[in-house]
Every structure is written in C-alpha cells, then in structure tokens.
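**Q** My file is query-v6.cif. It has mmCIF, C-alpha atoms:
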data_target
loop_
_atom_site.label_atom_id
_atom_site.label_comp_id
_atom_site.auth_asym_id
_atom_site.auth_seq_id
_atom_site.Cartn_x
_atom_site.Cartn_y
_atom_site.Cartn_z
CA MET A 657 156.76 8.79 53.36
CA SER A 658 156.98 6.46 56.27
CA GLU A 659 159.86 4.67 54.59
CA GLU A 660 161.69 7.93 54.14
CA LYS A 661 161.18 8.80 57.77
CA LYS A 662 162.44 5.42 58.81
CA LYS A 663 165.49 5.82 56.66
CA LYS A 664 166.17 9.23 58.10
CA GLY A 665 165.71 7.88 61.59
CA GLY A 666 168.04 5.06 60.66
CA PHE A 667 170.74 7.45 59.58
CA PHE A 668 170.43 9.70 62.59
CA GLY A 669 170.03 6.65 64.74
CA ALA A 670 173.33 5.33 63.48
CA VAL A 671 175.02 8.67 64.16
CA LYS A 672 173.50 8.71 67.59
CA GLU A 673 174.73 5.20 68.29
CA PHE A 674 178.18 6.10 67.03
CA VAL A 675 178.44 9.24 69.18
CA TYR A 676 177.13 7.29 72.14
CA GLY A 677 179.66 4.56 71.54
CA VAL A 678 182.59 6.99 71.37
CA ALA A 679 181.58 9.37 74.12
CA ALA A 680 179.32 7.75 76.65
CA HIS A 681 179.43 3.99 76.42
CA ASP A 682 182.14 3.59 79.02
CA SER A 683 180.47 5.96 81.45
CA ALA A 684 177.15 4.19 81.02
CA ARG A 685 178.85 0.87 81.53
CA PHE A 686 180.48 2.19 84.66
CA ALA A 687 177.16 3.47 85.98
CA LEU A 688 175.56 0.10 85.34
CA LYS A 689 178.45 -1.71 86.99
CA SER A 690 178.20 0.47 90.09
CA ARG A 691 174.50 -0.14 90.01
CA ALA A 692 175.04 -3.91 89.94
CA SER A 693 177.45 -3.75 92.87
CA MET A 694 174.90 -1.82 94.82
CA GLU A 695 172.22 -4.31 93.89
CA HIS A 696 174.36 -7.02 95.41
CA LEU A 697 175.06 -4.94 98.47
CA PHE A 698 171.34 -4.41 98.75
CA ILE A 699 170.60 -8.12 98.60
CA LEU A 700 173.30 -8.70 101.20
CA ILE A 701 171.63 -6.39 103.68
CA THR A 702 168.16 -7.66 103.03
CA MET A 703 168.77 -11.36 102.44
CA GLY A 704 172.09 -11.69 104.27
CA ASP A 705 170.97 -14.68 106.28
CA MET A 706 171.13 -16.80 103.13
CA LEU A 707 174.89 -16.46 103.47
CA GLY A 708 174.73 -16.72 107.24
CA VAL A 709 174.76 -12.98 107.92
CA PRO A 710 171.49 -12.11 109.64
CA ILE A 711 170.67 -8.44 109.23
CA LEU A 712 167.03 -7.66 108.55
CA PRO A 713 164.05 -8.85 110.56
CA PRO A 714 162.95 -11.73 108.33
CA TYR A 715 159.30 -10.74 108.27
CA TYR A 716 160.05 -7.83 106.00
CA SER A 717 162.87 -9.44 104.07
CA LEU A 718 160.33 -12.02 102.88
CA ARG A 719 158.33 -9.21 101.31
CA LEU A 720 161.32 -8.33 99.16
CA LEU A 721 162.26 -11.89 98.29
CA PRO A 722 160.15 -12.19 95.12
CA TYR A 723 161.98 -9.28 93.50
CA VAL A 724 165.46 -10.61 94.04
CA VAL A 725 164.84 -14.23 93.08
CA PRO A 726 166.55 -13.88 89.67
CA HIS A 727 169.61 -12.24 91.24
CA ILE A 728 170.17 -14.71 94.02
CA SER A 729 172.50 -17.13 92.24
CA THR A 730 174.75 -14.46 90.68
CA TRP A 731 174.79 -12.65 93.99
CA LYS A 732 175.88 -15.73 95.89
CA ARG A 733 178.61 -16.46 93.36
CA ARG A 734 179.86 -12.91 93.49
CA MET A 735 179.78 -12.60 97.25
CA LEU A 736 181.65 -15.83 97.68
CA LYS A 737 184.37 -15.06 95.15
CA GLU A 738 184.82 -11.38 95.96
CA LYS A 739 188.36 -10.76 97.16
CA ASP A 740 189.71 -8.18 99.51
CA LEU A 741 193.14 -7.24 100.83
CA THR A 742 193.17 -9.80 103.60
CA ASP A 743 192.89 -12.62 101.04
CA GLY A 744 196.43 -11.79 99.91
CA LEU A 745 197.77 -12.29 103.41
CA ALA A 746 196.34 -15.72 103.86
CA MET B 1389 145.36 9.31 149.29
CA VAL B 1390 142.60 10.27 146.91
CA PRO B 1391 143.30 9.13 143.37
CA ILE B 1392 142.23 11.28 140.44
CA SER B 1393 139.31 9.53 138.82
CA LEU B 1394 140.10 7.34 135.85
CA SER B 1395 136.71 8.03 134.30
CA LYS B 1396 137.48 11.74 134.43
CA ILE B 1397 140.58 11.12 132.32
CA PHE B 1398 138.46 9.41 129.69
CA ASP B 1399 135.88 12.24 129.76
CA GLU B 1400 138.53 14.90 129.58
CA PHE B 1401 140.50 13.41 126.68
CA PRO B 1402 137.94 11.81 124.34
CA GLU B 1403 140.43 11.95 121.47
CA ARG B 1404 142.70 9.43 123.19
CA ARG B 1405 141.44 6.40 121.33
CA TYR B 1406 144.34 4.01 121.73
CA ILE B 1407 144.42 2.69 125.25
CA MET B 1408 147.26 0.59 126.61
CA PHE B 1409 148.02 -1.02 129.93
CA GLY B 1410 151.60 -1.83 130.69
CA GLY B 1411 153.30 -3.48 133.60
CA LYS B 1412 155.01 -6.60 134.78
CA GLY B 1413 153.47 -9.98 134.01
CA GLY B 1414 150.57 -11.10 136.17
CA LEU B 1415 149.66 -7.73 137.66
CA GLY B 1416 146.33 -7.45 135.87
CA LYS B 1417 146.94 -5.85 132.49
CA THR B 1418 144.46 -8.12 130.73
CA THR B 1419 141.90 -7.70 133.51
CA PHE B 1420 142.12 -3.93 133.30
CA SER B 1421 141.97 -4.01 129.51
CA ALA B 1422 138.79 -6.06 129.68
CA ALA B 1423 137.24 -3.90 132.41
CA THR B 1424 138.05 -0.70 130.53
CA ALA B 1425 136.56 -2.15 127.34
CA TYR B 1426 133.45 -3.08 129.32
CA TYR B 1427 133.14 0.39 130.85
CA LEU B 1428 133.52 2.18 127.51
CA ALA B 1429 131.12 -0.18 125.74
CA LYS B 1430 128.51 0.50 128.43
CA GLN B 1431 128.98 4.22 127.70
CA GLY B 1432 127.89 3.48 124.14
CA LYS B 1433 131.35 3.50 122.55
CA ARG B 1434 132.34 0.88 120.03
CA VAL B 1435 135.36 -0.83 121.50
CA LEU B 1436 137.85 -3.40 120.27
CA VAL B 1437 140.13 -4.99 122.82
CA PHE B 1438 142.87 -7.09 121.29
CA SER B 1439 145.83 -9.01 122.49
CA VAL B 1440 149.32 -8.63 121.10
CA ASP B 1441 150.60 -11.43 123.29
CA PRO B 1442 151.20 -14.84 121.66
CA GLN B 1443 150.17 -16.29 125.06
CA ALA B 1444 147.00 -14.24 125.23
CA SER B 1445 144.35 -14.67 127.89
CA LEU B 1446 141.40 -12.67 126.61
CA SER B 1447 139.63 -15.94 125.81
CA ASP B 1448 139.95 -16.93 129.47
CA ILE B 1449 138.75 -13.66 130.87
CA PHE B 1450 135.71 -13.45 128.60
CA LYS B 1451 135.12 -17.21 128.93
CA LYS B 1452 134.81 -17.49 125.17
CA ASP B 1453 137.23 -19.02 122.69
CA ILE B 1454 138.15 -16.14 120.40
CA PHE B 1455 141.65 -17.24 119.39
CA GLY B 1456 142.29 -16.56 115.71
CA LYS B 1457 138.62 -15.82 115.05
CA GLY B 1458 138.96 -12.12 114.25
CA PRO B 1459 137.01 -9.46 116.13
CA THR B 1460 134.33 -11.34 118.11
CA GLU B 1461 131.33 -9.69 119.72
CA ILE B 1462 131.31 -10.22 123.49
CA MET B 1463 128.36 -7.94 124.21
CA PRO B 1464 126.83 -4.97 122.36
CA ASN B 1465 129.63 -2.55 121.36
CA LEU B 1466 132.35 -4.74 122.84
CA TYR B 1467 134.57 -6.77 120.53
CA ALA B 1468 137.59 -8.82 121.44
CA GLN B 1469 140.33 -10.31 119.28
CA GLU B 1470 143.25 -12.64 119.80
CA ILE B 1471 145.72 -12.77 116.93
CA ASP B 1472 146.80 -16.20 115.73
CA ALA B 1473 150.39 -15.32 114.86
CA ASP B 1474 151.22 -18.80 113.65
CA ARG B 1475 148.47 -18.85 111.09
CA ARG B 1476 149.31 -15.35 109.94
CA VAL B 1477 152.91 -16.37 109.33
CA LYS B 1478 151.77 -19.40 107.30
CA GLU B 1479 149.41 -17.33 105.18
CA TYR B 1480 152.11 -14.78 104.65
CA GLN B 1481 154.61 -17.43 103.48
CA GLN B 1482 152.00 -18.73 101.07
CA GLU B 1483 151.43 -15.24 99.74
CA ILE B 1484 155.17 -14.83 99.07
CA ARG B 1485 155.36 -18.21 97.30
CA LYS B 1486 152.42 -17.34 95.09
CA LYS B 1487 153.95 -13.99 94.21
CA ILE B 1488 157.20 -15.64 93.13
CA LEU B 1489 155.39 -18.25 91.04
CA ASP B 1490 153.23 -15.58 89.39
CA MET B 1491 156.08 -13.16 88.75
CA TYR B 1492 158.32 -15.65 86.98
CA GLY B 1493 155.78 -18.14 85.68
CA MET B 1494 157.47 -20.91 87.61
CA GLU B 1495 155.92 -24.30 88.32
CA LYS B 1496 157.72 -24.75 91.58
CA ILE B 1497 159.72 -22.58 93.98
CA PRO B 1498 163.49 -23.18 93.57
CA ASP B 1499 164.82 -25.25 96.49
CA GLU B 1500 167.19 -22.56 97.64
CA ILE B 1501 164.40 -20.01 97.84
CA GLU B 1502 161.98 -22.42 99.47
CA SER B 1503 164.41 -23.27 102.23
CA TYR B 1504 164.97 -19.58 102.84
CA ILE B 1505 161.23 -18.99 103.18
CA GLN B 1506 161.01 -21.80 105.71
CA ALA B 1507 164.06 -20.75 107.68
CA ALA B 1508 162.84 -17.18 107.88
CA ALA B 1509 159.53 -18.29 109.36
CA ALA B 1510 161.30 -20.24 112.09
CA GLU B 1511 162.99 -17.10 113.43
CA PRO B 1512 161.73 -16.15 116.88
CA ALA B 1513 161.14 -12.54 115.83
CA MET B 1514 158.74 -13.73 113.16
CA GLU B 1515 155.79 -14.17 115.49
CA GLU B 1516 156.21 -10.75 117.02
CA SER B 1517 156.59 -9.10 113.64
CA ALA B 1518 153.51 -10.87 112.35
CA ILE B 1519 151.44 -9.62 115.28
CA PHE B 1520 152.93 -6.19 114.91
CA ASP B 1521 151.88 -6.20 111.29
CA GLU B 1522 148.37 -7.41 112.04
CA VAL B 1523 147.92 -4.65 114.60
CA VAL B 1524 148.62 -2.17 111.82
CA ASP B 1525 145.89 -3.87 109.77
CA ILE B 1526 143.45 -3.63 112.67
CA VAL B 1527 144.14 0.03 113.27
CA VAL B 1528 144.20 1.01 109.60
CA HIS B 1529 140.96 -0.86 109.01
CA GLY B 1530 139.23 1.30 111.63
CA GLY B 1531 135.58 1.03 112.62
CA TYR B 1532 135.90 1.43 116.39
CA ASP B 1533 135.85 4.38 118.76
CA TYR B 1534 138.43 2.83 121.03
CA TYR B 1535 141.26 0.36 120.56
CA ILE B 1536 142.48 -1.27 123.71
CA TYR B 1537 145.85 -3.00 123.47
CA ASP B 1538 146.23 -5.87 125.87
CA LEU B 1539 150.01 -5.53 125.94
CA VAL B 1540 152.74 -8.04 126.54
CA PRO B 1541 154.78 -7.87 129.76
CA LEU B 1542 157.21 -4.99 130.07
CA GLY B 1543 160.28 -6.48 128.50
CA HIS B 1544 158.39 -7.44 125.40
CA ALA B 1545 156.63 -4.12 125.15
CA LEU B 1546 159.98 -2.39 125.22
CA TYR B 1547 161.21 -4.79 122.59
CA TYR B 1548 158.26 -3.77 120.46
CA LEU B 1549 159.08 -0.13 120.81
CA SER B 1550 162.76 -0.53 120.15
CA MET B 1551 161.95 -2.82 117.23
CA ALA B 1552 159.88 -0.04 115.73
CA SER B 1553 162.67 2.49 116.00
CA VAL B 1554 165.36 0.08 114.80
CA TYR B 1555 163.23 -0.97 111.84
CA ASP B 1556 162.57 2.63 111.07
CA GLU B 1557 166.23 3.62 110.97
CA TRP B 1558 167.17 0.53 109.04
CA ILE B 1559 164.50 1.10 106.42
CA ASP B 1560 165.63 4.71 106.06
CA LYS B 1561 169.14 3.55 105.30
CA ILE B 1562 168.23 0.98 102.70
CA THR B 1563 165.69 3.27 101.13
CA ASN B 1564 168.50 5.75 100.64
CA LEU B 1565 170.67 3.07 99.08
CA ARG B 1566 167.82 2.13 96.81
CA GLN B 1567 167.35 5.74 95.76
CA GLN B 1568 171.06 6.03 95.04
CA MET B 1569 170.81 2.94 92.85
CA ARG B 1570 168.01 4.64 91.01
CA GLU B 1571 170.25 7.60 90.28
CA TYR B 1572 172.77 5.29 88.61
CA ASP B 1573 169.95 3.84 86.57
CA GLN B 1574 169.03 7.33 85.49
CA VAL B 1575 172.60 8.21 84.58
CA ALA B 1576 172.87 5.10 82.43
CA ALA B 1577 169.50 5.77 80.87
CA VAL B 1578 170.42 9.35 79.97
CA MET B 1579 173.67 8.25 78.39
CA LYS B 1580 171.98 5.51 76.44
CA ARG B 1581 169.22 8.01 75.67
CA ASP B 1582 166.54 5.67 76.94
CA LYS B 1583 163.39 7.62 77.53
CA GLU B 1584 162.11 5.83 80.58
CA ILE B 1585 163.40 3.57 83.26
CA ASP B 1586 161.33 0.90 84.90
CA GLU B 1587 159.68 1.66 88.14
CA ASP B 1588 161.64 0.32 91.07
CA ALA B 1589 159.27 -2.21 92.62
CA ILE B 1590 161.61 -2.84 95.54
CA LEU B 1591 161.76 0.84 96.39
CA ASN B 1592 157.98 0.92 96.44
CA GLU B 1593 157.89 -2.13 98.75
CA LEU B 1594 160.35 -0.45 101.10
CA LEU B 1595 158.29 2.70 101.21
CA TYR B 1596 155.24 0.58 101.98
CA ILE B 1597 157.04 -1.22 104.83
CA LYS B 1598 158.24 2.10 106.19
CA GLU B 1599 154.75 3.48 106.16
CA ARG B 1600 153.44 0.45 108.09
CA ILE B 1601 156.14 0.69 110.72
CA ASN B 1602 155.66 4.41 111.12
CA LYS B 1603 151.96 3.86 111.54
CA SER B 1604 152.33 1.50 114.49
CA SER B 1605 155.19 3.23 116.26
CA GLY B 1606 153.44 6.52 115.54
CA ILE B 1607 150.43 5.36 117.54
CA LEU B 1608 152.54 4.19 120.45
CA THR B 1609 154.06 7.64 120.74
CA ASP B 1610 151.10 9.84 119.81
CA LYS B 1611 150.42 12.19 122.72
CA GLU B 1612 147.05 13.26 121.36
CA LYS B 1613 145.53 9.91 120.61
CA THR B 1614 147.22 7.45 122.94
CA ALA B 1615 146.87 6.85 126.65
CA PHE B 1616 149.34 4.53 128.30
CA PHE B 1617 148.62 3.36 131.85
CA PHE B 1618 150.98 1.52 134.12
CA VAL B 1619 149.65 -1.17 136.42
CA LEU B 1620 151.45 -1.78 139.69
CA THR B 1621 150.87 -3.35 143.09
CA PRO B 1622 151.99 -2.11 146.53
CA GLU B 1623 155.17 -4.18 146.71
CA GLU B 1624 158.75 -2.98 146.81
CA MET B 1625 160.07 -4.89 143.83
CA ILE B 1626 157.13 -3.94 141.64
CA ILE B 1627 157.50 -0.26 142.51
CA ASN B 1628 161.20 -0.30 141.61
CA ASP B 1629 160.64 -2.13 138.34
CA THR B 1630 157.79 0.17 137.39
CA LEU B 1631 159.97 3.22 137.99
CA LYS B 1632 162.70 1.81 135.78
CA ALA B 1633 160.25 0.84 133.05
CA ALA B 1634 158.57 4.24 133.16
CA GLU B 1635 161.95 5.87 132.54
CA LEU B 1636 162.59 3.60 129.56
CA PHE B 1637 159.14 4.20 128.13
CA ALA B 1638 159.61 7.93 128.51
CA LYS B 1639 162.83 7.61 126.49
CA PHE B 1640 160.81 6.15 123.63
CA ASP B 1641 158.37 9.08 123.94
CA VAL B 1642 155.47 6.94 125.09
CA PRO B 1643 152.86 9.28 126.56
CA LEU B 1644 152.32 8.04 130.13
CA SER B 1645 148.85 8.96 131.35
CA GLY B 1646 149.09 7.62 134.87
CA TYR B 1647 149.32 4.67 137.21
CA ILE B 1648 146.72 2.26 138.54
CA ILE B 1649 147.30 0.33 141.73
CA ASN B 1650 145.93 -3.20 141.72
CA ARG B 1651 145.40 -5.85 144.40
CA VAL B 1652 144.95 -3.50 147.32
CA LEU B 1653 143.74 -5.39 150.39
CA PRO B 1654 140.62 -3.69 151.81
CA PRO B 1655 141.76 -1.51 154.77
CA GLU B 1656 138.54 -2.23 156.69
CA LEU B 1657 140.00 -5.68 157.36
CA LYS B 1658 142.17 -4.06 160.01
CA SER B 1659 139.23 -3.51 162.35
CA GLN B 1660 138.26 -7.16 162.15
CA GLN B 1661 139.60 -10.26 163.84
CA ILE B 1662 142.36 -11.27 161.44
CA PRO B 1663 145.38 -13.55 161.75
CA GLU B 1664 148.89 -12.20 162.32
CA TYR B 1665 149.84 -13.06 158.76
CA LEU B 1666 147.22 -10.77 157.26
CA LYS B 1667 148.06 -8.03 159.77
CA ASN B 1668 151.63 -8.11 158.52
CA ARG B 1669 150.53 -7.99 154.92
CA LEU B 1670 148.35 -4.98 155.66
CA ALA B 1671 151.17 -3.17 157.47
CA MET B 1672 153.50 -3.83 154.55
CA GLN B 1673 150.86 -2.63 152.12
CA ASP B 1674 150.35 0.63 154.02
CA LYS B 1675 154.06 1.26 153.90
CA TYR B 1676 154.30 0.75 150.14
CA LEU B 1677 151.10 2.65 149.40
CA LYS B 1678 152.80 5.62 151.06
CA VAL B 1679 155.89 5.08 148.94
CA ILE B 1680 153.74 4.94 145.80
CA ASP B 1681 151.98 8.11 146.86
CA GLU B 1682 155.29 9.92 147.17
CA VAL B 1683 157.00 8.50 144.13
CA PHE B 1684 154.07 8.84 141.70
CA LYS B 1685 152.60 11.98 143.21
CA GLY B 1686 149.43 13.12 141.49
CA GLN B 1687 149.61 10.41 138.85
CA ILE B 1688 147.63 7.67 140.57
CA LEU B 1689 144.36 7.27 138.72
CA ALA B 1690 142.74 4.42 140.56
CA SER B 1691 143.28 2.01 143.39
CA VAL B 1692 141.61 -1.32 142.77
CA PRO B 1693 140.99 -3.79 145.58
CA GLU B 1694 141.94 -7.44 145.58
CA MET B 1695 138.78 -9.22 144.48
CA GLU B 1696 137.22 -12.12 146.35
CA ARG B 1697 137.75 -14.39 143.36
CA ASP B 1698 139.30 -14.58 139.87
CA VAL B 1699 138.12 -11.99 137.42
CA THR B 1700 136.62 -14.05 134.61
CA GLY B 1701 133.24 -13.71 132.96
CA LEU B 1702 131.27 -10.53 132.38
CA GLY B 1703 129.78 -10.45 135.89
CA MET B 1704 133.17 -10.17 137.57
CA ILE B 1705 134.45 -7.81 134.89
CA GLU B 1706 131.52 -5.49 135.59
CA LYS B 1707 132.26 -5.59 139.31
CA LEU B 1708 135.89 -4.70 138.71
CA ALA B 1709 134.99 -1.95 136.23
CA ASP B 1710 132.79 -0.38 138.92
CA LYS B 1711 135.77 -0.21 141.25
CA MET B 1712 138.07 1.15 138.55
CA PHE B 1713 135.72 3.81 137.21
CA TYR B 1714 133.65 5.60 139.77
#
Can you give me the file's structure in the form of structure tokens?
**A**
Amino acid sequence: MSEEKKKKGGFFGAVKEFVYGVAAHDSARFALKSRASMEHLFILITMGDMLGVPILPPYYSLRLLPYVVPHISTWKRRMLKEKDLTDGLA
Amino acid sequence: MVPISLSKIFDEFPERRYIMFGGKGGLGKTTFSAATAYYLAKQGKRVLVFSVDPQASLSDIFKKDIFGKGPTEIMPNLYAQEIDADRRVKEYQQEIRKKILDMYGMEKIPDEIESYIQAAAAEPAMEESAIFDEVVDIVVHGGYDYYIYDLVPLGHALYYLSMASVYDEWIDKITNLRQQMREYDQVAAVMKRDKEIDEDAILNELLYIKERINKSSGILTDKEKTAFFFVLTPEEMIINDTLKAAELFAKFDVPLSGYIINRVLPPELKSQQIPEYLKNRLAMQDKYLKVIDEVFKGQILASVPEMERDVTGLGMIEKLADKMFY
C-alpha cells in the first residue's frame, strides 16, 4: 500500500518536476537572483562600514551581524567586482 | 512676577510620569532632577532618577558612588542610577560574539567579523546608543511611579531626539526592503511548490529594533505622560539660547511644560550694605527677569534662589526642594 502510494507520488512528482522545469524554473531562478541582489543591497546598507561606507548606527548593525556572517565573503566579492557604466569610461 | 507653582503642576497632572529637565550645561539640570526626585519620594511616590549623560554627576550630588551599580536606594522611595555605557557596550559585544559562535557552531569568530565588532564599538555614537538602549530597558522594566531623566546638555538632547527620528525612518526603509525580499522568496517558493519558507530572522530583529526606538522616542514626545522643563538663568545669552532650543524641541513635538529660573540672587540684598559689583549684578538680574517674564509669559513655574553653597548631599537637596516646590 505504502509502496504503491510512493510509486504514485513518484510518478506525479516526476510530472510535477517536469512541468516546473519547463514552465517555472526560469522565473523562480529570476526571483531568487533578484532576492540575492537585494540581500547584498541589504548587507550594504546595514554593514556598509565594512567596505568603508558608514550608513547605519553601529549599535543596531551589530544586532544583525550574526545573521549575515555566512554572506559576508560573497557579498564583499560581489560588491567589489560589480561593474557599472562608469567603469567603461575609465 | 508670581510663578505658577511647580507642585501644582505635579498635582494637576499625576499621569505625567516621565520628568525631564533640559537646558544648557551647568545651569542645574542635575540639581533639579535630584530635588524633584526628593520631593516626589517624600510624597510617597516611588521614584527613579537616572542619568543619560556619560559624564554623569548624580553620584556627586547624592554623595554616593552609584556609577554602573544599577538602581541604588538613596532614601526610602528614592532610587538613583548612573548607566555605565562602556560596560554595556562590552557586554553587548560579547553577546553578539556568543550568538555567532552558537549559530554556526564555530570555535572562534572569523578575523574579519571580529575586527568589525571591535571597530563598531569604537564609534562615538556607540556610547549614546548604548545608553539610549538601556533607558528603554529601564522604562520597559517598570516598577516606579516616576522616572526622572537627568538629561544631557541641550545639543546632546537634540541629538538624541533627532537620532530617534532618523533611526525610525531608516528602519522603516530597510524593513520595507526586507519585506520585499520576502515576497521574492514567496514567489520562488510558490513556483517550486515549496510549502513553507523559513521565517526571516532579520526581519524579526528589525521589527524588534523599531519597537525599541519607538518606545523611547514615543516617551520623549508623549503629551500625556511626559513633562519637559527648561532650566534657565537670568542672563541674556542663556535666555536667547533657551528660546532657540525651545523652538527646536517644539519641532520634535516635545511637550514643554514650563520654565524654571535658577540662580536668582535674593532681592532683599538690595536693602543691605553691598559692594558696587553686587549692585550691578542685581540690576542686571532685574532687567533680565523682566525679559524672561515677557518672553515666557505664564510659563514660569518656579524661581529658585542662588544657594549659599553647593547643592550636594540630602540636606542641601531638601533645602532646594523646599524652594522649588512650595
């Protein structure tokens, strides 16, 4: 019984995955990418002084520090390599 | 010039539980805070007088070392507290370190993070923020009928107020950003058909910070529960500065309850044999008392004489309280 159910779930699961892959994967990826950019923007405005951009009173930024610890190194890398139009002029 | 009685104000508005004295440095804010605390305690109210100034002088006035010792009983019903900002910052740093170690099961804080924690604590605003935060603790904790803020000199007090409103706006903005991020999470979750998304711990922290800031700035601007008194002396410069400050405070919606004149030379001196110098001082004082009377019409709550000696120790505080509240 339980095996049958599992099998059924497996089949529908596969269909589900397939439909998701065709229809929604890109959108979901885009949403997550936007989300990641915003995460980095968020760290910039709360922890900006790590890059030399002081923005938030440090007393409260310390409260948030524990949550962003894992993101700090990718954030720094990204912020420092991010290009904008003016880079082309230089 | 007959001032309205200060004690009448306290009788009339018993719900005003947060009492503040503002004014330029050295005019007697701490003295008046202590005397008011004494008066209210004698009336049977439980009173906490605390200093938000890193260079506090409550210890001096009560002749008792209370620095960093929490609320200390001075006499029945009267408690005084001086916040040790430095220690609070250190404890706070330690708390953050522990949280990081616990959250990620680390043995040691990564260098980069550690140096950030140390740099942040060296910021000049850190001390003020730490005191600000402790005041919220004191007020939220409760247990007293009256809270008397021994405030910092004017400039700092204004900084406090503006800090509250800047923090508030700032937190609103990033909270919005955080909520937007959450929407993207939800979109992705729906598309991937995930049932739940994790709670956003950062969003919760932000909401907590916002609540704390609103609490303290809310008290400073609460017309029902807060009484803010300005201290001034009969001198031209002080009158001008007080006027300017009062305008600024009004802009931040601080409920001004009235003005108290300090250091008034006793007028009966005039009928005595006094040197030319004192005569001149008295003439000048009369002139500026008139100015004060015109400028702050109907808002003068007390006129306190220059005392014969420093106000320190309970004996002198009692004497001064008698002159303030009659």
**Q** Contacts from chain B to chain A, 7 Å maximum, only C-alpha atoms: show me the residue list as a PDB file with C-alpha atoms, in the frame of the given file.
**A**
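And here's out_7.pdb as it stands now:
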ATOM      1  CA  ILE B1484     155.170 -14.830  99.070  1.00  0.00           C
ATOM      2  CA  LYS B1487     153.950 -13.990  94.210  1.00  0.00           C
ATOM      3  CA  ILE B1488     157.200 -15.640  93.130  1.00  0.00           C
ATOM      4  CA  TYR B1504     164.970 -19.580 102.840  1.00  0.00           C
ATOM      5  CA  ALA B1508     162.840 -17.180 107.880  1.00  0.00           C
ATOM      6  CA  MET B1514     158.740 -13.730 113.160  1.00  0.00           C
ATOM      7  CA  SER B1517     156.590  -9.100 113.640  1.00  0.00           C
ATOM      8  CA  MET B1569     170.810   2.940  92.850  1.00  0.00           C
ATOM      9  CA  TYR B1572     172.770   5.290  88.610  1.00  0.00           C
ATOM     10  CA  ASP B1573     169.950   3.840  86.570  1.00  0.00           C
ATOM     11  CA  VAL B1575     172.600   8.210  84.580  1.00  0.00           C
ATOM     12  CA  ALA B1576     172.870   5.100  82.430  1.00  0.00           C
ATOM     13  CA  MET B1579     173.670   8.250  78.390  1.00  0.00           C
ATOM     14  CA  LYS B1580     171.980   5.510  76.440  1.00  0.00           C
ATOM     15  CA  ILE B1590     161.610  -2.840  95.540  1.00  0.00           C
TER      16      ILE B1590
END
**Q** With all atoms listed in the file as the basis for distance, which of B:Gln1506, B:Gly1686, B:Val1699, B:Lys1707 is at the shortest distance from Ser1445 of chain B?
**A**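 For Ser1445 of chain B, the nearest of the given residues is B:Val1699.
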**Q** Which neighbours of Ser1550 of chain B fall inside 10 Å, counting all atoms listed in the file, when residues of the same chain fewer than 6 positions from it are skipped, and could you give them as a VMD selection string?
**A** chain B and resid 1544 1556 1605 1637 1640
**Q** Using only C-alpha atoms, what residues lie at most 7 Å away from (143.6, -6.5, 127.2) (file coordinates), given as number ranges by chain?
**A** B: 1417-1422, 1437-1439, 1446, 1536-1539
**Q** So which residues touch Asp1588 of chain B within 10 Å, counting only C-alpha atoms, skipping near sequence neighbours fewer than 4 positions away, as a list in words?
**A**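 After dropping sequence-adjacent residues, the list is Tyr723 of chain A; Arg1566, Gln1567, Met1569, Arg1570, Asn1592 and Glu1593 of chain B.
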**Q** Atom CA of Gly1531 of chain B to atom CA of Leu1436 of chain B: how many Å, to one decimal?
**A**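 Interatomic distance here is 9.1 Å.
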**Q** Extract, using only C-alpha atoms, all DNA, RNA and protein residues at most 10 Å from Ile1397 of chain B, discarding same-chain residues fewer than 6 positions from it, and format them as a PDB file with C-alpha atoms, in the frame of the given file.
**A**
ATOM      1  CA  ARG B1404     142.700   9.430 123.190  1.00  0.00           C
ATOM      2  CA  ALA B1615     146.870   6.850 126.650  1.00  0.00           C
ATOM      3  CA  SER B1645     148.850   8.960 131.350  1.00  0.00           C
ATOM      4  CA  GLY B1646     149.090   7.620 134.870  1.00  0.00           C
ATOM      5  CA  LEU B1689     144.360   7.270 138.720  1.00  0.00           C
TER       6      LEU B1689
END
**Q** Need the shell around Lys732 of chain A: protein/DNA/RNA residues with any atom at most 10 Å away, counting only C-alpha atoms. Skip same-chain ones fewer than 6 positions apart. Format as number ranges by chain?
**A** A: 696, 699-700, 706-707, 738
**Q** Which neighbours of segment 1667-1683 of chain B fall inside 12 Å, counting all atoms listed in the file, when residues of the same chain fewer than 3 positions from it are skipped, and could you give them as an MDAnalysis selection string?
**A** chainID B and resid 1389:1391 1619:1628 1630:1631 1634 1647:1664 1686:1691 1693
**Q** Report the distance between atom CA of Tyr1535 of chain B and atom CA of Ala1425 of chain B in Å, rounded to one decimal place.
**A** 8.6 Å
**Q** Between atom CA of Phe1616 of chain B and atom CA of Leu1415 of chain B, what is the spacing in Å?
**A**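 Computing the Euclidean distance for atom CA of Leu1415 of chain B and atom CA of Phe1616 of chain B yields 15.4 Å.
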**Q** I'd like the residues picked by the PyMOL selection byres ((chain B and resi 1449-1454) around 7) written out as a list of chain:residue names, using the chain letters and numbers from the file.
**A**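 Selected by the PyMOL selection byres ((chain B and resi 1449-1454) around 7) here: B:Ser1445, B:Leu1446, B:Ser1447, B:Asp1448, B:Phe1455, B:Gly1456, B:Lys1457, B:Thr1460, B:Gln1469, B:Glu1470, B:Val1699, B:Thr1700, B:Gly1701, B:Leu1702.
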**Q** Select, counting all atoms listed in the file, all protein, DNA and RNA residues no farther than 9 Å from (156.7, -9.2, 116.1) in file coordinates, and express the selection as a PyMOL selection string.
**A** (chain A and resi 715) or (chain B and resi 1440+1473+1512-1521+1548+1551)
**Q** The PyMOL selection byres ((chain B and resi 1430-1432) around 12) on the file shown: which residues, as number ranges by chain?
**A** B: 1395, 1398-1399, 1423-1429, 1433-1435, 1463-1466, 1532-1534, 1706, 1709-1710, 1713
